[in-house]
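Structure file protein.cif (mmCIF, C-alpha atoms and all ligand atoms) follows.
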data_run
loop_
_atom_site.label_atom_id
_atom_site.label_comp_id
_atom_site.auth_asym_id
_atom_site.auth_seq_id
_atom_site.Cartn_x
_atom_site.Cartn_y
_atom_site.Cartn_z
CA MET A 1321 26.87 -30.30 -15.90
CA LYS A 1322 27.16 -32.33 -19.11
CA PHE A 1323 26.25 -36.00 -19.22
CA THR A 1324 27.46 -37.84 -22.27
CA ASN A 1325 26.24 -41.33 -21.39
CA SER A 1326 23.60 -42.96 -23.55
CA GLY A 1327 21.29 -43.34 -20.55
CA MET A 1328 21.00 -39.58 -20.23
CA ILE A 1329 20.49 -39.14 -23.98
CA SER A 1330 17.55 -41.58 -24.01
CA LEU A 1331 16.15 -40.06 -20.81
CA ILE A 1332 16.02 -36.61 -22.42
CA GLU A 1333 14.47 -38.10 -25.58
CA LYS A 1334 11.77 -39.74 -23.50
CA LEU A 1335 11.06 -36.47 -21.67
CA LYS A 1336 10.80 -34.62 -24.99
CA ASP A 1337 8.39 -37.25 -26.36
CA ASP A 1338 6.25 -36.84 -23.26
CA HIS A 1339 6.23 -33.06 -23.81
CA THR A 1340 5.00 -33.44 -27.38
CA LYS A 1341 2.28 -35.82 -26.22
CA VAL A 1342 1.15 -33.47 -23.44
CA ILE A 1343 0.96 -30.46 -25.79
CA ASN A 1344 -1.08 -32.52 -28.29
CA GLU A 1345 -3.49 -33.60 -25.58
CA LEU A 1346 -3.89 -30.02 -24.41
CA LYS A 1347 -4.74 -29.03 -27.98
CA ILE A 1348 -7.38 -31.78 -28.15
CA ILE A 1349 -8.84 -30.45 -24.88
CA LEU A 1350 -8.88 -26.87 -26.20
CA ASP A 1351 -10.53 -27.97 -29.46
CA ALA A 1352 -13.29 -29.83 -27.58
CA LEU A 1353 -13.81 -26.78 -25.40
CA PHE A 1354 -14.02 -24.54 -28.45
CA ARG A 1355 -16.69 -26.81 -29.99
CA ILE A 1356 -18.71 -26.75 -26.76
CA GLN A 1357 -18.53 -22.98 -26.77
CA LYS A 1358 -19.60 -22.82 -30.38
CA ASN A 1359 -22.25 -25.54 -30.50
CA GLY A 1360 -23.30 -25.85 -26.86
CA TYR A 1361 -23.01 -28.57 -24.26
CA ASN A 1362 -22.77 -32.02 -25.80
CA ASP A 1363 -21.93 -35.43 -24.45
CA SER A 1364 -19.27 -36.40 -26.97
CA ASP A 1365 -17.09 -33.32 -26.38
CA MET A 1366 -17.67 -33.57 -22.65
CA LYS A 1367 -16.40 -37.15 -22.80
CA ILE A 1368 -13.27 -36.00 -24.64
CA LEU A 1369 -12.72 -33.30 -22.02
CA ARG A 1370 -13.20 -35.66 -19.09
CA ASP A 1371 -11.06 -38.47 -20.51
CA LYS A 1372 -8.22 -36.22 -21.64
CA ILE A 1373 -8.15 -34.21 -18.42
CA ASN A 1374 -7.97 -37.41 -16.37
CA SER A 1375 -5.19 -38.90 -18.45
CA LEU A 1376 -3.33 -35.58 -18.55
CA TYR A 1377 -3.28 -35.42 -14.75
CA SER A 1378 -1.72 -38.86 -14.35
CA GLU A 1379 0.68 -38.36 -17.27
CA ILE A 1380 1.91 -35.04 -15.92
CA LYS A 1381 2.32 -36.40 -12.43
CA THR A 1382 4.28 -39.45 -13.63
CA HIS A 1383 6.36 -37.36 -16.02
CA SER A 1384 7.28 -34.68 -13.52
CA LEU A 1385 8.15 -37.12 -10.73
CA TYR A 1386 10.34 -39.06 -13.14
CA GLU A 1387 12.00 -35.81 -14.20
CA GLU A 1388 12.63 -34.84 -10.57
CA ASN A 1389 13.95 -38.24 -9.50
CA GLU A 1390 16.09 -39.01 -12.55
CA LEU A 1391 17.34 -35.59 -13.61
CA LEU A 1392 16.66 -32.65 -11.31
CA ILE A 1393 18.05 -34.46 -8.29
CA LYS A 1394 21.44 -34.70 -10.04
CA LEU A 1395 21.58 -30.95 -10.67
CA LYS A 1396 20.14 -29.81 -7.37
CA THR A 1397 23.48 -29.90 -5.57
CA GLU A 1398 25.13 -27.41 -7.94
CA VAL A 1399 24.64 -23.79 -6.95
CA LYS A 1400 24.36 -22.55 -10.54
CA TYR A 1401 21.27 -24.72 -11.20
CA LYS A 1402 19.57 -24.16 -7.85
CA ARG A 1403 17.23 -21.42 -9.03
CA LEU A 1404 16.18 -23.21 -12.22
CA VAL A 1405 15.62 -26.53 -10.42
CA THR A 1406 13.62 -24.86 -7.62
CA THR A 1407 11.44 -23.06 -10.19
CA LEU A 1408 10.77 -26.25 -12.16
CA ILE A 1409 9.85 -28.23 -9.05
CA ALA A 1410 7.54 -25.44 -7.85
CA GLU A 1411 5.87 -25.35 -11.27
CA HIS A 1412 5.26 -29.11 -11.08
CA ARG A 1413 3.35 -28.60 -7.81
CA ILE A 1414 1.32 -25.73 -9.31
CA MET A 1415 0.43 -27.92 -12.33
CA TRP A 1416 -0.76 -30.77 -10.10
CA ASP A 1417 -2.85 -28.38 -8.01
CA LYS A 1418 -4.38 -26.69 -11.03
CA LEU A 1419 -5.19 -30.01 -12.69
CA GLU A 1420 -6.86 -31.15 -9.49
CA ILE A 1421 -8.92 -27.94 -9.39
CA LEU A 1422 -9.79 -28.53 -13.04
CA SER A 1423 -11.08 -32.05 -12.31
CA ASN A 1424 -13.33 -30.62 -9.61
CA GLU A 1425 -14.57 -27.87 -11.92
CA MET A 1426 -15.31 -30.50 -14.58
CA ASP A 1427 -17.47 -32.43 -12.11
CA LYS A 1428 -19.42 -29.30 -11.26
CA TYR A 1429 -19.84 -28.34 -14.90
CA SER A 1430 -21.05 -31.84 -15.79
CA LYS A 1431 -23.89 -31.53 -13.28
CA LYS A 1432 -24.96 -27.98 -14.09
CA HIS A 1433 -23.74 -26.15 -17.18
CA ASP A 1434 -24.22 -22.50 -17.90
CA ASP A 1435 -22.22 -19.82 -19.74
CA ASP A 1436 -20.54 -18.51 -16.60
CA GLN A 1437 -19.31 -21.95 -15.62
CA LEU A 1438 -18.08 -22.58 -19.14
CA ALA A 1439 -16.19 -19.26 -19.10
CA GLU A 1440 -14.55 -20.24 -15.78
CA LEU A 1441 -13.62 -23.63 -17.15
CA LYS A 1442 -12.13 -22.05 -20.25
CA LEU A 1443 -10.03 -19.57 -18.24
CA LEU A 1444 -8.68 -22.37 -16.09
CA ILE A 1445 -7.82 -24.60 -19.05
CA GLU A 1446 -6.13 -21.70 -20.86
CA SER A 1447 -4.07 -20.84 -17.79
CA ILE A 1448 -3.00 -24.50 -17.49
CA TYR A 1449 -2.03 -24.54 -21.16
CA GLU A 1450 0.05 -21.40 -20.68
CA LEU A 1451 1.72 -22.72 -17.54
CA ILE A 1452 2.56 -26.08 -19.08
CA SER A 1453 3.86 -24.68 -22.36
CA LYS A 1454 6.09 -22.13 -20.56
CA HIS A 1455 7.35 -24.89 -18.29
CA ILE A 1456 8.13 -27.16 -21.23
CA ASN A 1457 9.97 -24.33 -23.00
CA ARG A 1458 11.99 -23.66 -19.87
CA GLU A 1459 13.04 -27.32 -19.83
CA GLU A 1460 13.71 -27.72 -23.52
CA TYR A 1461 15.58 -24.42 -23.99
CA LYS A 1462 17.23 -23.92 -20.59
CA LEU A 1463 17.46 -27.22 -18.76
CA PHE A 1464 18.16 -29.83 -21.43
CA PRO A 1465 20.95 -27.87 -23.18
CA GLU A 1466 22.73 -27.75 -19.79
CA VAL A 1467 22.90 -31.51 -19.50
CA LEU A 1468 23.48 -32.68 -23.08
FE FE B 1501 8.88 -30.55 -15.71
FE FE B 1502 9.10 -32.03 -18.50
#
Take the structure in this file and express it as structure tokens.
Ligand SMILES: [Fe+2]
Ligand SMILES: [Fe+2]
Amino acid sequence: MKFTNSGMISLIEKLKDDHTKVINELKIILDALFRIQKNGYNDSDMKILRDKINSLYSEIKTHSLYEENELLIKLKTEVKYKRLVTTLIAEHRIMWDKLEILSNEMDKYSKKHDDDQLAELKLLIESIYELISKHINREEYKLFPEVL
């Protein structure tokens, strides 16, 4: 379903900008994590992790709800997009859940930090990075070309 109106063009541009921002924030999180792994627990990298993880959660939630309400809802009714739309919405829920789990893990790690907890934290952050980047690719290479 192609939309040629300027509203849709700017909506997709906004969504793409959000994607770039989210990927950059995830990279900042991974860099801080890498430094903690290399140099040990330290307050400044922990602050980066905490702040970025908190802002990422609200940004992703706002972004994905906006995407669902402004774009996915318009495609939902067409049979040919049903599978893609259902997958994207399910991935949004998984992202929210994982980011919530991550916030809880961060709280635990802040109180008591050892190598095992750091390894767990790292696995979780890497799996979130993978999930979000695959999701973004699915949108930018499969979803957006369908509408513009
Ligand atoms: Fe999305
Ligand atoms: Fe998106």
Exercise: Tyr1449 in chain A partners within 12 Å, all atoms listed in the file, chain neighbours under 3 positions left out, as number ranges by chain: A: 1342-1350, 1373, 1376, 1415, 1418-1419, 1422, 1442-1446, 1452-1456
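Remark: for ligand FE 1502 (chain B), the closest of the candidate residues A:Thr1324, A:Asn1424, A:Asn1374, A:Asn1457 is A:Asn1457 (distances computed over only C-alpha atoms and all ligand atoms).
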Show me which residues are within 8 Å of ligand FE 1501 (chain B) counting only C-alpha atoms and all ligand atoms, and format the list as a ChimeraX atom specification. /A:1383-1384,1387-1388,1408-1409,1411-1412,1455-1456,1459
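Going from CA of Thr1407 in chain A to CA of Gly1327 in chain A covers 24.8 Å.
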In Å to one decimal, how far is CA of Ile1380 in chain A from CA of Trp1416 in chain A?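 If I compute the distance from CA of Trp1416 in chain A to CA of Ile1380 in chain A, I get 7.7 Å.
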Size and centre in Å, one decimal, axis-aligned box, all listed range 1399-1413 of chain A atoms plus 6 Å per side, as AutoDock Vina command-line options:
--center_x 14.0 --center_y -25.3 --center_z -9.6 --size_x 33.3 --size_y 19.7 --size_z 17.3
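You will find CA of Ser1330 in chain A at 10.7 Å from CA of Leu1468 in chain A.
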Residue contacts of Leu1438 in chain A (10 Å, all atoms listed in the file) excluding same-chain residues fewer than 2 positions away, as a PDB file with C-alpha atoms, in the frame of the given file:
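Just written: around_5.pdb:
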ATOM      1  CA  LEU A1353     -13.810 -26.780 -25.400  1.00  0.00           C
ATOM      2  CA  ILE A1356     -18.710 -26.750 -26.760  1.00  0.00           C
ATOM      3  CA  GLN A1357     -18.530 -22.980 -26.770  1.00  0.00           C
ATOM      4  CA  GLY A1360     -23.300 -25.850 -26.860  1.00  0.00           C
ATOM      5  CA  TYR A1361     -23.010 -28.570 -24.260  1.00  0.00           C
ATOM      6  CA  GLU A1425     -14.570 -27.870 -11.920  1.00  0.00           C
ATOM      7  CA  MET A1426     -15.310 -30.500 -14.580  1.00  0.00           C
ATOM      8  CA  TYR A1429     -19.840 -28.340 -14.900  1.00  0.00           C
ATOM      9  CA  HIS A1433     -23.740 -26.150 -17.180  1.00  0.00           C
ATOM     10  CA  ASP A1434     -24.220 -22.500 -17.900  1.00  0.00           C
ATOM     11  CA  ASP A1435     -22.220 -19.820 -19.740  1.00  0.00           C
ATOM     12  CA  ASP A1436     -20.540 -18.510 -16.600  1.00  0.00           C
ATOM     13  CA  GLU A1440     -14.550 -20.240 -15.780  1.00  0.00           C
ATOM     14  CA  LEU A1441     -13.620 -23.630 -17.150  1.00  0.00           C
ATOM     15  CA  LYS A1442     -12.130 -22.050 -20.250  1.00  0.00           C
ATOM     16  CA  LEU A1443     -10.030 -19.570 -18.240  1.00  0.00           C
ATOM     17  CA  LEU A1444      -8.680 -22.370 -16.090  1.00  0.00           C
TER      18      LEU A1444
END
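For the choices A:Asn1325, A:Arg1370, A:Ile1332, A:Lys1462, the atom-to-atom distance to Leu1391 in chain A is smallest for A:Ile1332 when using all atoms listed in the file.
Each of A:Ser1430, A:Phe1323, A:Tyr1386, A:Ser1423 was checked against Asn1362 in chain A using all atoms listed in the file; the smallest atom-to-atom distance is that of A:Ser1430.
Using all atoms listed in the file, the nearest neighbour of ligand FE 1502 (chain B) within the list A:Ile1421, A:Leu1463, A:Leu1335, A:Ala1439 is A:Leu1335.
Ranking A:Ala1352, A:Leu1331, A:Ile1448, A:Leu1395 by their shortest atom-to-atom distance to ligand FE 1502 (chain B), with all atoms listed in the file included, puts A:Leu1331 first.
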Counting only C-alpha atoms and all ligand atoms, the option among A:Ser1326, A:Asn1359, A:Thr1397, A:Asn1389 closest to ligand FE 1502 (chain B):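 For ligand FE 1502 (chain B), the nearest of the candidates is A:Asn1389.
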